[in-house]
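Chemist: Have a look at the structure that comes next, please.
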Amino acid sequence: MPMITPTRMAMTAQTVAMPTDMDPLLQLMWLASPALPVGGFSYSEGLEAAIDHGQVHDEPTCTQWLVDQLLLTQARGDMGALAQALSAWNRFDMSRLQDLNTWVLSTRESSEMRLQTQQMGRSLLDWLRNLDWVTPEQLQCLAQLPPTYPLAYALALSGTHASPPQALQAYAFGWAENMTQAALKAVPLGQSSGQRMLAQLARHIPEAVQVALHQSDETRQAFSPMLAILSARHETQYSRLFRS
């Protein structure tokens, strides 16, 4: 075993910063990666409860569940708010950011849903402190909200200089990959099933992005009563792998 010298200890303790001259495509790939340390792997967003109640039980039912969730809740809700938050971060419109953050919190219909967006928002804020293109003023604003995940992710995306459609595609693919991994564990399914499911989700991402980009304060919504019911049931589910 190699000796851990003071020099090596100092190197491991250094803050890792994303290079400012990195290609925007690589930045988006980094942000979409399941390795992003925000704890997304620990949530199934109601999927585990849907499995427990027999609504999801194989590859076709799981694929349909996730496609519906992408188009009906993500595209019209969080992705719509994220698209508007991108513009607000670029203008540094604190009032607008506060309104969007409050809206995200108000759409969380169970304690698990609220816990998820707050925990992942805080974790992403901690990670953002390592990014040298995020200004101290932006970090302070995000910390004061306090951050939900869509608002924190929008700040991260605003530093990539990617177009809004590209930014939303990165968010959506990261979500799809996390949910596919949750399905592999909870249904359970094999790796080939997971790749087919991810392919189906990827085909619908451009549609979801266009829906999100055309949302306004009047049309943005998070109306998914069955998902809210399942999330509430999951809080007292006897056996579970995930936090939501």
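Letters A, B, ... mark the chains of the structure tokens in the order given; residue numbers begin at 1 per chain; ligand numbers begin at 1, in order shown.
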Within 12 Å of Asp93 of chain A, counting only C-alpha atoms, which residues show up once you throw out same-chain ones fewer than 5 positions away? Write them as a list in words, please.
Modeler: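 That gives Gln84, Ala85, Leu86, Ser87, Ala88, Gln98, Asp99, Leu100, Glu137, Gln138, Cys141 and Leu142 of chain A.
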Chemist: Contacts between segment 195-207 of chain A and segment 59-90 of chain A, please, where a residue of segment 59-90 of chain A counts if it comes within 10 Å (with only C-alpha atoms); show its shortest atom pair and distance in Å to one decimal, rows by chain and ascending number, as a Markdown table.
Modeler:
```
| residue | atom | partner | partner_atom | distance |
| --- | --- | --- | --- | --- |
| A:Glu59 | CA | A:Met197 | CA | 7.5 |
| A:Pro60 | CA | A:Met197 | CA | 8.5 |
| A:Cys62 | CA | A:Met197 | CA | 8.1 |
| A:Thr63 | CA | A:Met197 | CA | 5.5 |
| A:Gln64 | CA | A:Met197 | CA | 9.0 |
| A:Leu66 | CA | A:Leu201 | CA | 7.5 |
| A:Val67 | CA | A:Leu201 | CA | 6.0 |
| A:Asp68 | CA | A:Leu201 | CA | 9.7 |
| A:Leu70 | CA | A:Ile205 | CA | 7.9 |
| A:Leu71 | CA | A:His204 | CA | 7.8 |
| A:Ala75 | CA | A:Glu207 | CA | 8.6 |
```
Chemist: Per residue of segment 97-214 of chain A within 9 Å of segment 33-37 of chain A, what are the shortest atom pair and its distance in Å to one decimal, counting only C-alpha atoms, with rows by chain and residue number, as a tab-separated table?
Modeler:
```
residue	atom	partner	partner_atom	distance
A:Met120	CA	A:Pro37	CA	8.9
A:Ser123	CA	A:Pro37	CA	7.1
A:Leu124	CA	A:Pro37	CA	7.4
A:Trp127	CA	A:Pro37	CA	7.4
A:Ala170	CA	A:Ser33	CA	8.9
A:Phe173	CA	A:Ser33	CA	8.8
A:Gly174	CA	A:Ser33	CA	6.1
A:Trp175	CA	A:Pro34	CA	8.7
A:Glu177	CA	A:Pro34	CA	7.1
A:Asn178	CA	A:Pro34	CA	6.4
```
Chemist: Pick from A:Ser95, A:Thr180, A:Thr102, A:Gln118: nearest to Gly39 of chain A, with only C-alpha atoms counted?
Modeler: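 Checking each of A:Ser95, A:Thr180, A:Thr102, A:Gln118 against Gly39 of chain A, counting only C-alpha atoms, the winner is A:Gln118.
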Chemist: From the list A:Trp133, A:Phe242, A:Tyr153, A:Trp30, which residue is nearest Glu48 of chain A when using only C-alpha atoms?
Modeler: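 Using only C-alpha atoms, the shortest distance to Glu48 of chain A belongs to A:Phe242.
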Chemist: Rounded to one decimal in Å, what is the spacing between atom CA of Gln215 of chain A and atom CA of Leu155 of chain A?
Modeler: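 Value for the atom CA of Gln215 of chain A-atom CA of Leu155 of chain A distance: 19.0 Å.
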Chemist: In segment 2-210 of chain A, what's alpha helix (DSSP H) per DSSP? Answer as an MDAnalysis selection string?
Modeler: chainID A and resid 6:13 24:32 47:52 59:69 79:91 94:106 111:128 136:144 149:158 164:186 191:210
